[in-house]
Every structure is written in C-alpha cells, then in structure tokens.
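Student: File model.txt follows (compact mmCIF, C-alpha atoms):
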# COMPACT_ATOMS: atom_id res chain seq x y z
CA MET A 1 -45.22 4.22 -11.81
CA THR A 2 -44.28 6.53 -14.68
CA ASN A 3 -43.96 10.12 -13.54
CA ILE A 4 -45.72 11.64 -16.53
CA ILE A 5 -47.78 10.34 -19.43
CA VAL A 6 -48.18 12.66 -22.40
CA ILE A 7 -51.12 11.85 -24.69
CA GLY A 8 -50.52 12.96 -28.26
CA ALA A 9 -47.25 13.27 -30.19
CA GLY A 10 -48.14 16.31 -32.25
CA ALA A 11 -46.29 19.61 -31.93
CA SER A 12 -47.44 20.48 -28.40
CA GLY A 13 -47.15 16.92 -27.12
CA LEU A 14 -43.62 16.55 -28.44
CA MET A 15 -42.62 19.81 -26.80
CA ALA A 16 -44.29 18.81 -23.51
CA ALA A 17 -42.59 15.41 -23.48
CA VAL A 18 -39.14 16.82 -24.27
CA THR A 19 -39.49 19.65 -21.74
CA ALA A 20 -40.65 17.32 -18.96
CA ALA A 21 -37.83 14.87 -19.68
CA GLN A 22 -35.24 17.67 -19.82
CA ASN A 23 -36.47 18.67 -16.36
CA GLY A 24 -35.72 15.18 -15.04
CA ALA A 25 -39.08 13.42 -15.29
CA LYS A 26 -39.60 9.89 -16.50
CA VAL A 27 -41.95 10.30 -19.47
CA THR A 28 -44.12 8.01 -21.58
CA LEU A 29 -45.44 9.52 -24.81
CA LEU A 30 -48.55 7.94 -26.31
CA GLU A 31 -49.50 8.45 -29.96
CA GLN A 32 -52.47 6.83 -31.69
CA ASN A 33 -50.86 7.08 -35.16
CA ASN A 34 -48.03 4.88 -36.36
CA LYS A 35 -45.48 7.71 -36.14
CA ILE A 36 -44.93 10.94 -34.26
CA GLY A 37 -45.48 14.45 -35.60
CA ARG A 38 -47.80 13.61 -38.49
CA LYS A 39 -49.34 17.09 -38.64
CA ILE A 40 -45.93 18.75 -38.49
CA TYR A 41 -45.02 17.15 -41.82
CA ALA A 42 -47.88 19.04 -43.47
CA THR A 43 -47.12 22.48 -42.03
CA GLY A 44 -45.76 25.30 -44.15
CA ASN A 45 -46.36 23.29 -47.34
CA GLY A 46 -44.03 20.64 -45.99
CA LYS A 47 -41.36 23.17 -44.97
CA CYS A 48 -42.56 23.76 -41.37
CA ASN A 49 -43.03 27.48 -40.77
CA PHE A 50 -42.36 27.08 -37.03
CA THR A 51 -42.67 30.69 -35.83
CA ASN A 52 -42.80 34.29 -37.04
CA ARG A 53 -40.76 37.43 -36.44
CA TYR A 54 -43.94 39.50 -36.06
CA MET A 55 -45.56 38.23 -32.88
CA ASP A 56 -48.54 40.26 -31.68
CA LEU A 57 -51.68 39.54 -29.67
CA SER A 58 -53.74 40.46 -32.75
CA CYS A 59 -52.41 37.34 -34.50
CA PHE A 60 -54.34 35.08 -32.13
CA HIS A 61 -57.97 34.30 -31.37
CA GLY A 62 -59.71 32.67 -28.43
CA GLU A 63 -58.74 33.04 -24.79
CA LYS A 64 -56.35 35.98 -24.44
CA GLU A 65 -55.34 34.99 -20.91
CA LEU A 66 -53.92 31.78 -22.37
CA TYR A 67 -52.11 33.01 -25.48
CA ARG A 68 -50.44 35.76 -23.47
CA LEU A 69 -48.13 32.91 -22.38
CA ILE A 70 -46.41 33.30 -25.76
CA PHE A 71 -45.23 36.71 -24.65
CA ASP A 72 -44.78 36.01 -20.93
CA SER A 73 -43.50 32.44 -20.68
CA PHE A 74 -42.07 30.96 -23.91
CA SER A 75 -41.54 33.44 -26.71
CA ARG A 76 -40.52 33.37 -30.35
CA GLU A 77 -36.91 33.88 -29.25
CA ASP A 78 -37.19 30.91 -26.88
CA THR A 79 -38.54 28.80 -29.74
CA ILE A 80 -35.67 29.69 -32.04
CA SER A 81 -33.11 28.94 -29.29
CA PHE A 82 -34.82 25.64 -28.48
CA PHE A 83 -34.61 24.42 -32.06
CA GLU A 84 -31.04 25.61 -32.48
CA GLU A 85 -30.12 23.43 -29.49
CA LEU A 86 -31.78 20.50 -31.27
CA GLY A 87 -29.67 21.18 -34.37
CA ILE A 88 -32.26 23.07 -36.40
CA MET A 89 -30.69 26.08 -38.11
CA PRO A 90 -33.43 28.73 -38.60
CA CYS A 91 -33.95 30.42 -41.95
CA GLU A 92 -36.06 33.59 -42.07
CA ARG A 93 -37.97 34.76 -45.12
CA ASN A 94 -40.18 37.85 -44.79
CA GLY A 95 -40.56 37.19 -41.08
CA TYR A 96 -41.42 33.51 -41.51
CA TYR A 97 -39.02 31.07 -39.82
CA TYR A 98 -38.28 27.66 -41.37
CA PRO A 99 -35.57 25.08 -40.80
CA SER A 100 -32.71 25.81 -43.22
CA SER A 101 -33.28 22.38 -44.76
CA GLU A 102 -36.77 23.61 -45.70
CA GLN A 103 -38.08 20.20 -44.67
CA ALA A 104 -40.66 19.67 -41.95
CA ALA A 105 -39.22 16.19 -41.56
CA SER A 106 -36.06 17.79 -40.12
CA VAL A 107 -38.08 19.11 -37.17
CA VAL A 108 -39.70 15.73 -36.51
CA ARG A 109 -36.33 13.97 -36.73
CA ALA A 110 -34.83 16.46 -34.28
CA PHE A 111 -37.61 15.74 -31.79
CA ASP A 112 -37.19 12.01 -32.33
CA ALA A 113 -33.47 12.22 -31.61
CA GLU A 114 -34.03 14.30 -28.47
CA LEU A 115 -36.70 11.92 -27.17
CA LYS A 116 -34.26 9.02 -27.59
CA ARG A 117 -31.43 10.96 -25.94
CA LEU A 118 -33.65 11.71 -22.94
CA GLY A 119 -34.92 8.15 -22.65
CA VAL A 120 -38.59 9.00 -23.28
CA CYS A 121 -40.68 5.88 -23.86
CA VAL A 122 -42.53 6.54 -27.14
CA ARG A 123 -45.54 4.30 -27.81
CA CYS A 124 -47.04 4.68 -31.30
CA GLY A 125 -50.29 2.94 -32.23
CA ALA A 126 -51.41 3.52 -28.65
CA ALA A 127 -54.95 4.92 -28.82
CA VAL A 128 -56.43 5.93 -25.46
CA ALA A 129 -59.79 4.41 -24.52
CA ASP A 130 -60.32 5.99 -21.10
CA ILE A 131 -58.75 8.00 -18.29
CA GLU A 132 -59.52 7.34 -14.65
CA PRO A 133 -58.30 9.61 -11.82
CA LYS A 134 -56.68 7.66 -8.97
CA ASP A 135 -55.59 8.72 -5.49
CA ALA A 136 -51.95 8.62 -6.54
CA GLY A 137 -52.38 9.82 -10.13
CA TYR A 138 -54.11 8.55 -13.25
CA ALA A 139 -54.88 5.25 -14.94
CA VAL A 140 -54.82 5.45 -18.75
CA SER A 141 -56.55 2.57 -20.52
CA LEU A 142 -55.55 1.84 -24.11
CA GLU A 143 -57.80 0.41 -26.79
CA SER A 144 -55.50 -2.62 -26.83
CA GLY A 145 -56.67 -3.41 -23.28
CA GLU A 146 -53.42 -2.36 -21.62
CA CYS A 147 -53.56 0.02 -18.67
CA LEU A 148 -50.79 2.48 -17.77
CA THR A 149 -50.48 4.57 -14.62
CA ALA A 150 -48.80 7.89 -13.96
CA ARG A 151 -48.53 10.50 -11.25
CA LYS A 152 -49.22 13.27 -13.74
CA LEU A 153 -50.86 13.50 -17.11
CA ILE A 154 -50.51 15.95 -20.01
CA VAL A 155 -53.23 15.83 -22.66
CA ALA A 156 -52.02 17.17 -26.02
CA CYS A 157 -54.38 15.36 -28.35
CA GLY A 158 -55.51 18.19 -30.63
CA LEU A 159 -59.08 18.52 -31.84
CA MET A 160 -60.99 17.76 -35.04
CA ALA A 161 -58.93 19.55 -37.72
CA SER A 162 -57.32 17.34 -40.40
CA PRO A 163 -58.63 14.03 -39.01
CA LYS A 164 -56.65 12.03 -41.59
CA LEU A 165 -53.50 13.24 -39.86
CA GLY A 166 -54.84 12.29 -36.45
CA SER A 167 -57.31 14.19 -34.27
CA GLY A 168 -58.47 14.24 -30.69
CA GLU A 169 -62.18 13.68 -31.23
CA GLY A 170 -62.05 10.48 -29.18
CA MET A 171 -60.22 12.27 -26.38
CA VAL A 172 -62.85 15.01 -26.40
CA SER A 173 -65.46 12.37 -25.58
CA ILE A 174 -63.29 11.03 -22.77
CA LEU A 175 -62.77 14.49 -21.31
CA ARG A 176 -66.48 15.22 -21.51
CA ARG A 177 -67.15 12.03 -19.52
CA MET A 178 -64.72 13.40 -16.94
CA GLY A 179 -66.89 16.52 -16.65
CA TYR A 180 -65.06 18.95 -18.94
CA GLN A 181 -66.95 21.41 -21.10
CA PHE A 182 -66.03 22.58 -24.58
CA SER A 183 -67.07 25.71 -26.43
CA HIS A 184 -68.53 25.29 -29.91
CA MET A 185 -65.78 24.25 -32.28
CA VAL A 186 -65.60 25.22 -35.96
CA PRO A 187 -63.06 24.63 -38.75
CA ALA A 188 -60.58 27.47 -39.28
CA LEU A 189 -57.78 28.26 -41.72
CA CYS A 190 -59.90 26.85 -44.53
CA GLY A 191 -62.15 27.93 -47.41
CA PHE A 192 -65.89 28.53 -47.77
CA TYR A 193 -68.71 27.23 -49.90
CA CYS A 194 -70.20 30.28 -51.61
CA LYS A 195 -73.00 31.51 -53.84
CA GLY A 196 -73.04 34.53 -56.12
CA ALA A 197 -70.81 33.44 -59.01
CA ARG A 198 -70.40 30.57 -61.46
CA PHE A 199 -67.74 28.92 -59.38
CA CYS A 200 -67.63 25.80 -61.56
CA ASP A 201 -66.39 28.05 -64.38
CA LEU A 202 -63.87 29.78 -62.09
CA ALA A 203 -62.20 26.66 -60.70
CA GLY A 204 -58.43 26.91 -60.78
CA VAL A 205 -58.16 30.71 -60.88
CA ARG A 206 -55.55 32.20 -58.54
CA VAL A 207 -55.49 35.97 -58.35
CA LEU A 208 -54.21 38.79 -56.15
CA ALA A 209 -57.12 40.30 -54.27
CA ASN A 210 -58.19 42.08 -51.14
CA ILE A 211 -60.93 40.25 -49.24
CA ARG A 212 -63.30 41.98 -46.82
CA LEU A 213 -65.79 40.04 -44.71
CA GLU A 214 -69.15 41.49 -43.75
CA VAL A 215 -71.26 40.00 -40.98
CA ASP A 216 -74.86 41.22 -40.93
CA GLY A 217 -73.73 44.13 -43.10
CA GLU A 218 -70.78 45.21 -40.94
CA SER A 219 -67.12 44.85 -41.98
CA THR A 220 -65.41 42.45 -39.57
CA GLY A 221 -62.21 41.22 -41.16
CA GLU A 222 -59.89 41.98 -44.05
CA ASP A 223 -56.78 40.55 -45.67
CA ARG A 224 -54.87 40.60 -48.94
CA GLY A 225 -52.98 38.06 -51.03
CA GLU A 226 -53.51 35.30 -53.55
CA VAL A 227 -57.14 34.17 -53.48
CA GLN A 228 -58.05 30.82 -54.99
CA LEU A 229 -61.38 30.49 -56.78
CA THR A 230 -62.62 26.92 -56.70
CA ASP A 231 -65.58 24.90 -57.89
CA TYR A 232 -67.16 25.28 -54.44
CA GLY A 233 -66.26 28.88 -53.55
CA ILE A 234 -63.18 30.70 -52.23
CA SER A 235 -59.93 29.59 -50.62
CA GLY A 236 -56.29 30.68 -50.25
CA ILE A 237 -54.27 32.33 -47.48
CA PRO A 238 -56.27 35.63 -47.33
CA VAL A 239 -59.48 33.61 -46.97
CA PHE A 240 -57.87 31.46 -44.27
CA GLN A 241 -56.85 34.56 -42.32
CA VAL A 242 -60.46 35.69 -41.91
CA SER A 243 -62.01 32.21 -41.83
CA ARG A 244 -62.46 32.01 -38.05
CA ILE A 245 -64.60 35.15 -38.06
CA GLY A 246 -66.77 33.87 -40.90
CA ALA A 247 -67.09 30.35 -39.48
CA MET A 248 -68.17 31.57 -36.04
CA ALA A 249 -70.65 34.05 -37.54
CA LEU A 250 -72.21 31.38 -39.74
CA HIS A 251 -72.55 29.09 -36.71
CA GLN A 252 -74.41 31.91 -34.94
CA GLY A 253 -76.85 32.12 -37.85
CA LYS A 254 -75.61 35.47 -39.12
CA LYS A 255 -75.46 36.56 -42.74
CA VAL A 256 -71.89 36.55 -43.99
CA SER A 257 -70.57 37.85 -47.30
CA ALA A 258 -67.14 38.45 -48.79
CA THR A 259 -66.24 41.33 -51.07
CA LEU A 260 -63.23 40.65 -53.29
CA SER A 261 -61.31 43.56 -54.77
CA PHE A 262 -59.28 42.42 -57.77
CA LEU A 263 -56.46 44.62 -59.09
CA PRO A 264 -56.17 46.16 -55.59
CA ASP A 265 -53.08 48.18 -56.55
CA ILE A 266 -55.04 50.22 -59.09
CA SER A 267 -57.72 52.65 -57.90
CA GLU A 268 -61.15 52.58 -59.50
CA GLU A 269 -60.46 56.01 -60.99
CA GLU A 270 -57.14 54.97 -62.54
CA LEU A 271 -58.53 51.67 -63.84
CA THR A 272 -61.48 53.47 -65.43
CA LYS A 273 -59.08 55.83 -67.24
CA ARG A 274 -56.93 52.95 -68.49
CA LEU A 275 -59.83 50.91 -69.81
CA ALA A 276 -61.46 53.94 -71.43
CA SER A 277 -58.15 54.78 -73.12
CA PHE A 278 -57.86 51.25 -74.49
CA LEU A 279 -61.43 51.36 -75.77
CA GLN A 280 -60.72 54.67 -77.51
CA ARG A 281 -57.49 53.27 -79.02
CA SER A 282 -59.55 50.37 -80.37
CA GLY A 283 -61.79 52.80 -82.19
CA GLY A 284 -64.59 52.21 -79.72
CA ALA A 285 -64.91 48.59 -80.84
CA CYS A 286 -63.57 45.89 -78.53
CA THR A 287 -65.09 43.03 -76.56
CA TYR A 288 -65.05 42.54 -72.82
CA ARG A 289 -62.62 39.67 -73.35
CA GLU A 290 -60.27 41.96 -75.26
CA LEU A 291 -60.67 44.84 -72.80
CA LEU A 292 -59.73 42.76 -69.75
CA ASN A 293 -57.00 40.75 -71.44
CA GLY A 294 -53.78 41.37 -69.51
CA TYR A 295 -55.63 42.60 -66.44
CA LEU A 296 -57.41 39.50 -65.16
CA PRO A 297 -57.36 35.75 -65.80
CA GLU A 298 -59.67 34.99 -68.72
CA LYS A 299 -62.13 32.94 -66.66
CA LEU A 300 -62.46 35.72 -64.11
CA GLY A 301 -62.83 38.42 -66.75
CA ALA A 302 -65.66 36.45 -68.33
CA GLU A 303 -67.45 36.10 -64.97
CA ILE A 304 -67.10 39.82 -64.22
CA ALA A 305 -68.61 40.61 -67.62
CA ARG A 306 -71.56 38.41 -66.72
CA LYS A 307 -71.85 40.21 -63.39
CA VAL A 308 -72.68 43.39 -65.34
CA HIS A 309 -75.13 41.40 -67.48
CA ARG A 310 -72.88 41.06 -70.52
CA GLU A 311 -71.15 38.14 -72.24
CA PRO A 312 -67.35 38.05 -72.73
CA ASP A 313 -67.60 38.54 -76.50
CA ASP A 314 -70.16 41.36 -76.35
CA TRP A 315 -68.99 44.76 -77.55
CA VAL A 316 -68.13 47.21 -74.81
CA GLN A 317 -70.08 50.43 -74.60
CA GLY A 318 -68.18 53.36 -73.11
CA GLN A 319 -70.77 54.09 -70.45
CA GLU A 320 -70.52 50.50 -69.19
CA ILE A 321 -66.87 50.76 -68.11
CA SER A 322 -67.65 52.34 -64.73
CA ASP A 323 -69.99 49.46 -63.84
CA LEU A 324 -67.33 46.98 -64.92
CA VAL A 325 -64.64 48.65 -62.82
CA HIS A 326 -66.96 48.77 -59.80
CA GLU A 327 -67.54 45.02 -60.13
CA ILE A 328 -63.80 44.33 -60.39
CA HIS A 329 -63.24 46.12 -57.08
CA ASN A 330 -66.46 44.92 -55.43
CA PHE A 331 -66.97 41.28 -56.42
CA LYS A 332 -69.40 40.14 -53.75
CA VAL A 333 -70.24 36.54 -52.86
CA LYS A 334 -72.37 35.03 -50.11
CA LEU A 335 -70.73 32.59 -47.71
CA GLN A 336 -72.97 29.56 -47.22
CA ARG A 337 -70.85 27.40 -44.92
CA VAL A 338 -67.28 26.79 -43.93
CA ARG A 339 -65.45 23.80 -45.39
CA GLU A 340 -65.36 20.64 -43.31
CA PHE A 341 -62.78 19.73 -40.66
CA ASP A 342 -61.15 17.43 -43.23
CA TYR A 343 -59.87 20.54 -45.00
CA ALA A 344 -59.16 22.76 -41.97
CA GLN A 345 -55.66 23.41 -40.68
CA VAL A 346 -56.89 24.21 -37.17
CA CYS A 347 -59.99 24.03 -35.01
CA ALA A 348 -61.36 27.22 -33.44
CA GLY A 349 -62.85 26.84 -29.97
CA GLY A 350 -61.95 24.19 -27.46
CA LEU A 351 -61.81 23.45 -23.75
CA VAL A 352 -63.69 26.13 -21.80
CA SER A 353 -60.89 28.14 -20.25
CA ASP A 354 -62.31 28.74 -16.77
CA GLN A 355 -61.61 25.05 -16.06
CA ILE A 356 -57.84 25.68 -16.34
CA HIS A 357 -55.24 27.62 -14.36
CA PRO A 358 -53.99 29.96 -17.11
CA GLU A 359 -50.44 30.30 -15.80
CA THR A 360 -49.76 26.55 -15.56
CA LEU A 361 -52.39 24.98 -17.89
CA GLU A 362 -53.30 22.64 -15.03
CA SER A 363 -56.89 21.51 -14.59
CA LYS A 364 -58.86 23.10 -11.76
CA ARG A 365 -61.00 19.96 -11.56
CA HIS A 366 -58.23 17.35 -11.47
CA PRO A 367 -54.85 18.21 -9.90
CA ASN A 368 -51.78 17.04 -11.85
CA LEU A 369 -53.72 16.96 -15.15
CA PHE A 370 -52.41 19.46 -17.72
CA PHE A 371 -53.56 20.50 -21.21
CA CYS A 372 -51.75 22.04 -24.15
CA GLY A 373 -52.00 22.75 -27.86
CA GLU A 374 -55.10 22.93 -30.01
CA LEU A 375 -57.23 21.35 -27.29
CA LEU A 376 -57.28 24.75 -25.61
CA ASP A 377 -59.31 27.68 -26.91
CA VAL A 378 -56.48 29.37 -28.82
CA ASP A 379 -55.88 29.54 -32.55
CA GLY A 380 -53.76 31.80 -34.70
CA ILE A 381 -53.65 33.12 -38.23
CA CYS A 382 -51.40 31.57 -40.90
CA GLY A 383 -47.68 32.20 -40.56
CA GLY A 384 -46.32 29.94 -37.82
CA TYR A 385 -48.60 31.24 -35.09
CA ASN A 386 -50.39 27.98 -34.36
CA LEU A 387 -47.07 26.16 -34.08
CA GLN A 388 -45.78 28.90 -31.79
CA TRP A 389 -48.81 28.30 -29.55
CA ALA A 390 -48.07 24.56 -29.63
CA TRP A 391 -44.44 25.12 -28.59
CA THR A 392 -45.39 27.61 -25.88
CA SER A 393 -48.24 25.64 -24.34
CA GLY A 394 -46.29 22.37 -24.56
CA HIS A 395 -43.32 23.95 -22.82
CA VAL A 396 -45.50 25.48 -20.09
CA ALA A 397 -47.34 22.19 -19.47
CA GLY A 398 -44.11 20.17 -19.49
CA THR A 399 -42.42 22.61 -17.11
CA CYS A 400 -45.29 22.94 -14.65
CA ALA A 401 -45.94 19.20 -14.60
CA THR A 402 -42.38 18.63 -13.38
CA MET A 403 -42.23 21.22 -10.64
CA ASP A 404 -42.46 18.55 -7.95
CA CYS A 405 -41.98 15.37 -9.98
CA GLU A 406 -39.78 12.57 -8.75
CA THR A 407 -36.73 12.26 -10.96
CA ARG A 408 -35.50 9.01 -12.45
Please re-express this file's structure in structure tokens.

Tutor:
Amino acid sequence: MTNIIVIGAGASGLMAAVTAAQNGAKVTLLEQNNKIGRKIYATGNGKCNFTNRYMDLSCFHGEKELYRLIFDSFSREDTISFFEELGIMPCERNGYYYPSSEQAASVVRAFDAELKRLGVCVRCGAAVADIEPKDAGYAVSLESGECLTARKLIVACGLMASPKLGSGEGMVSILRRMGYQFSHMVPALCGFYCKGARFCDLAGVRVLANIRLEVDGESTGEDRGEVQLTDYGISGIPVFQVSRIGAMALHQGKKVSATLSFLPDISEEELTKRLASFLQRSGGACTYRELLNGYLPEKLGAEIARKVHREPDDWVQGQEISDLVHEIHNFKVKLQRVREFDYAQVCAGGLVSDQIHPETLESKRHPNLFFCGELLDVDGICGGYNLQWAWTSGHVAGTCATMDCETR
C-alpha cells in the first residue's frame, strides 16, 4: 500500500508531495492533466511571482484561522529558503519575489527534479473518479478503471478558476458525495461586466486610476494602478484587488458600483486651474478633444466629454470645466456581474472550514484525509499571496500527513 496519495499536481499538491517525501513517506502524485504545474506556468505573467516581502493578514480573505498558518507555520522566509534549496535563486522587485530566471517554468522544473530525486511516483493523465474510505485508508478509483490504495490522502485539486488549466470541479462533486459542504464560490482576481459608459468605444484603453467600490452606497474597497477598459467593462490589477468584494456582494443581490478617479495625482482644484489656464491661452476657443489632449487617452477623453453631455469636438465653455473635472475624478459605472471562472485567477470560497482541523488541515470527518490549496476557503490579493498560501498549506498538509507514516 502506498503511504500517501496526493491528488492534484498544482502548486499546493507539488509542495505537499515533496514535503511528505522529504519526511520519509512513499508518495504517489496524481494529476489529471498531461503535465504537472500547469497553473504555475501562467502565474506572474509567466514569471512566477512566488511570494511577497509584504506579508500581512489584510492581504488575505476567507477563513482567518487557516491563513494564519502563513505566519505561524510556513512563512515567506521559509518559502524563499525552500526554493533556494531546490536551486531557485530569488529576485526581488518592489517586494515581489520571482525566480532570477524570470521563468515560471524554472519553478516547475525544480519541483520535477525534486520529485524524481525523492522517488515520488508521478501519474499524469490520472483523473480521479471516486474516493472510498477504507478501514486501513482510502481507495482512489481513476477514470481509467484502475484503483489505488493509500493509508493517507491529501486532496490538492483546486477549484473552478481557470478550468482550461485544470480545475477541481469533479473533485468537488466527489467530496460532496462524501458529505463535505462548500460555501458559495465566486470568481476572483478578474474583471467585471459593467454599464454606465460606451465600453465598446473604450476597449483597449489602459490608464492610471484609483478605483473605489461601493456596495449599497457604502465604500467597501479601494486600490490604485493601471485600469484596463474593455469592451465588456473594467479589468486590470486594481480591479482584481477588489474583485472578491464585488463578486460576493453581487452574489448576495446587492447593488455594486465602481468610481474611477483618473489623473489621481492631480487634485480637482489643481486640474481645474490647469484646464482653465489652457482655455484662456487658447483665447477661450478650444474643443474638449484639444483640452484633454495630453491628459487622458483620446478614447477616454471623448467618453468623459459625453458624460457631461458634450461631444469631443464641441467648444468648451469656461463654466463647464468644473463639471468635466468632477467627471474625471468620479467616473462611475455599475457592476452587473463578475467575469466567468474561465477568466478568474482564483476562486473565492471553498470547503466549509469547520470540517477541518485548522492546525493540521486534516478532515474532522475522515481521519488521515488532508486538504490544501485553493480547495480551502482562503484567497489572496495579487502579488504572490495565493502562491504563498499554496506553499504554506501544502507544506502543512504534507508534514502533518507524515507524522506517523511508515517510511519506505
């Protein structure tokens, strides 16, 4: 009998398998895709932002009792040391840690080499059809018809985000049949479909902005950076950072809006003075297109003019500048719905946490069954936080699963 089966060779599953094997367990790693670490290749725009210098509880959402493990059990420093041992030289930029190669493939190759060194049996193309608890462990049935047995089991299958890269939707069904409950799950780290602007005309615009979310009229989240205006609505890192709040509120039937402040480094008062000065220099005769040239992308300037009921080539009247400036700093759109899981980097929600021992990630329902990664109700903002949770939870699960395992 294999000591431990790990289901899922994403970030948390790879960490769990390596940790368990380093602790002397005989490990079989099952992956439904044709190669390990598929989602890792896509992280950090292909560069793998694997952790962050700034690690704070405020960077995470979900079950606090779980993500406290990042600070109590396997920290950012532990992550950096772990990868250095695997031959990954860290490179820090503005607090973001990447491999010095700036290739996510380097991280996957390092895991692959360590798995081989430790003698882990890696089975790709091995989709799980069912799990059955046995007196001496677990029977794992594969879709191929094969059945494997193990004393202990670690489930690291992920959830519904980025299904093209492999997701755990099938495993969710299996776990539900075993009696496990899941909270409502929504896409996160993704954009929104919006109303309130001619988004088809704005597609392709990227602009520095501050974004503030309002839920039922109350401010609930804020971020700043490059916002992307698309043919469906809004996207970009600042939108991703507040997306969980908006997605959950929309699911609850609440009214959600976003206020975008363009030119956030210039106060309304200063911007009004500058535009009025330019209008005066132009002899009081310039168009909205001319007035905003050099301040905003042309498409966006045209839309803001329309927001104050003018066309881009209309002549500017002096008394209209204050309305224009107000719109630049308070460009409000209504969020209709979050983008689909196909476009989400993570899934918010997950396994209801009172079914798990938070210190070990072991199931309360089934002894010797452990969970890690996105399957649990923890998600972070952009910046390496979701990978840090994967490393932490995988390490905790791999360690605790081997506390009394038979060695090879």

Student: Please measure the separation of atom CA of A:Glu102 and atom CA of A:Leu387, giving the value in Å to one decimal.

Tutor: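 Taking atom CA of A:Glu102 as the start and atom CA of A:Leu387 as the end point, the length is 15.7 Å.
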
Student: Nearest to A:Gly233: which of A:Asp201, A:Glu268, A:Asp130, A:Asp323 is it, counting only C-alpha atoms?

Tutor: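 Looking at the shortest contact to A:Gly233, the residue is A:Asp201.
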
Student: Given the choices A:Asp231, A:Arg68, A:Thr399, A:Ala127, which gets closest to A:Asp56 if the distance is worked out from only C-alpha atoms?

Tutor: A:Arg68

Student: For a cutoff of 12 Å around the file-coordinate point (-64.5, 44.4, -78.3), which residues qualify once you count all atoms listed in the file? I'd like the result as a PyMOL selection string.

Tutor: chain A and resi 275+278-293+310-318

Student: Of the residues A:Val140, A:Leu148, A:Ile245, A:Val155, which is the one nearest to A:Leu376, using all atoms listed in the file?

Tutor: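 Distance minimum relative to A:Leu376 lands on A:Val155.
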
Student: Can you sort out stretch 185-201 of chain A so it carries N, CA, C and O atoms, written as a PDB file, keeping the file's coordinate frame?

Tutor:
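out-v4.pdb written:
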ATOM      1  N   MET A 185     -66.997  24.323 -31.484  1.00  0.00           N
ATOM      2  CA  MET A 185     -65.780  24.250 -32.280  1.00  0.00           C
ATOM      3  C   MET A 185     -66.108  24.283 -33.770  1.00  0.00           C
ATOM      4  O   MET A 185     -67.017  23.588 -34.224  1.00  0.00           O
ATOM      5  N   VAL A 186     -65.375  25.095 -34.519  1.00  0.00           N
ATOM      6  CA  VAL A 186     -65.600  25.220 -35.960  1.00  0.00           C
ATOM      7  C   VAL A 186     -64.266  25.088 -36.687  1.00  0.00           C
ATOM      8  O   VAL A 186     -63.204  25.367 -36.129  1.00  0.00           O
ATOM      9  N   PRO A 187     -64.297  24.666 -37.962  1.00  0.00           N
ATOM     10  CA  PRO A 187     -63.060  24.630 -38.750  1.00  0.00           C
ATOM     11  C   PRO A 187     -62.529  26.041 -38.968  1.00  0.00           C
ATOM     12  O   PRO A 187     -63.289  26.991 -39.109  1.00  0.00           O
ATOM     13  N   ALA A 188     -61.213  26.179 -39.001  1.00  0.00           N
ATOM     14  CA  ALA A 188     -60.580  27.470 -39.280  1.00  0.00           C
ATOM     15  C   ALA A 188     -59.339  27.243 -40.141  1.00  0.00           C
ATOM     16  O   ALA A 188     -58.871  26.108 -40.289  1.00  0.00           O
ATOM     17  N   LEU A 189     -58.830  28.323 -40.711  1.00  0.00           N
ATOM     18  CA  LEU A 189     -57.780  28.260 -41.720  1.00  0.00           C
ATOM     19  C   LEU A 189     -58.214  27.313 -42.847  1.00  0.00           C
ATOM     20  O   LEU A 189     -57.559  26.311 -43.154  1.00  0.00           O
ATOM     21  N   CYS A 190     -59.338  27.656 -43.440  1.00  0.00           N
ATOM     22  CA  CYS A 190     -59.900  26.850 -44.530  1.00  0.00           C
ATOM     23  C   CYS A 190     -60.781  27.745 -45.394  1.00  0.00           C
ATOM     24  O   CYS A 190     -60.986  28.919 -45.087  1.00  0.00           O
ATOM     25  N   GLY A 191     -61.333  27.176 -46.479  1.00  0.00           N
ATOM     26  CA  GLY A 191     -62.150  27.930 -47.410  1.00  0.00           C
ATOM     27  C   GLY A 191     -63.631  27.879 -47.067  1.00  0.00           C
ATOM     28  O   GLY A 191     -64.044  27.319 -46.040  1.00  0.00           O
ATOM     29  N   PHE A 192     -64.437  28.460 -47.964  1.00  0.00           N
ATOM     30  CA  PHE A 192     -65.890  28.530 -47.770  1.00  0.00           C
ATOM     31  C   PHE A 192     -66.627  28.102 -49.032  1.00  0.00           C
ATOM     32  O   PHE A 192     -66.184  28.382 -50.153  1.00  0.00           O
ATOM     33  N   TYR A 193     -67.757  27.452 -48.827  1.00  0.00           N
ATOM     34  CA  TYR A 193     -68.710  27.230 -49.900  1.00  0.00           C
ATOM     35  C   TYR A 193     -69.487  28.533 -50.096  1.00  0.00           C
ATOM     36  O   TYR A 193     -69.948  29.125 -49.121  1.00  0.00           O
ATOM     37  N   CYS A 194     -69.603  28.960 -51.345  1.00  0.00           N
ATOM     38  CA  CYS A 194     -70.200  30.280 -51.610  1.00  0.00           C
ATOM     39  C   CYS A 194     -71.230  30.224 -52.731  1.00  0.00           C
ATOM     40  O   CYS A 194     -71.255  29.300 -53.554  1.00  0.00           O
ATOM     41  N   LYS A 195     -72.062  31.254 -52.748  1.00  0.00           N
ATOM     42  CA  LYS A 195     -73.000  31.510 -53.840  1.00  0.00           C
ATOM     43  C   LYS A 195     -72.732  32.923 -54.351  1.00  0.00           C
ATOM     44  O   LYS A 195     -72.176  33.749 -53.643  1.00  0.00           O
ATOM     45  N   GLY A 196     -73.168  33.179 -55.587  1.00  0.00           N
ATOM     46  CA  GLY A 196     -73.040  34.530 -56.120  1.00  0.00           C
ATOM     47  C   GLY A 196     -72.137  34.620 -57.330  1.00  0.00           C
ATOM     48  O   GLY A 196     -71.893  35.710 -57.840  1.00  0.00           O
ATOM     49  N   ALA A 197     -71.638  33.475 -57.802  1.00  0.00           N
ATOM     50  CA  ALA A 197     -70.810  33.440 -59.010  1.00  0.00           C
ATOM     51  C   ALA A 197     -70.865  32.026 -59.578  1.00  0.00           C
ATOM     52  O   ALA A 197     -71.260  31.080 -58.893  1.00  0.00           O
ATOM     53  N   ARG A 198     -70.461  31.891 -60.827  1.00  0.00           N
ATOM     54  CA  ARG A 198     -70.400  30.570 -61.460  1.00  0.00           C
ATOM     55  C   ARG A 198     -69.063  29.934 -61.098  1.00  0.00           C
ATOM     56  O   ARG A 198     -68.125  29.911 -61.890  1.00  0.00           O
ATOM     57  N   PHE A 199     -69.007  29.407 -59.890  1.00  0.00           N
ATOM     58  CA  PHE A 199     -67.740  28.920 -59.380  1.00  0.00           C
ATOM     59  C   PHE A 199     -67.211  27.716 -60.155  1.00  0.00           C
ATOM     60  O   PHE A 199     -65.991  27.522 -60.249  1.00  0.00           O
ATOM     61  N   CYS A 200     -68.107  26.929 -60.746  1.00  0.00           N
ATOM     62  CA  CYS A 200     -67.630  25.800 -61.560  1.00  0.00           C
ATOM     63  C   CYS A 200     -66.799  26.301 -62.733  1.00  0.00           C
ATOM     64  O   CYS A 200     -65.842  25.642 -63.154  1.00  0.00           O
ATOM     65  N   ASP A 201     -67.149  27.477 -63.266  1.00  0.00           N
ATOM     66  CA  ASP A 201     -66.390  28.050 -64.380  1.00  0.00           C
ATOM     67  C   ASP A 201     -65.108  28.732 -63.910  1.00  0.00           C
ATOM     68  O   ASP A 201     -64.216  28.984 -64.717  1.00  0.00           O
TER      69      ASP A 201
END
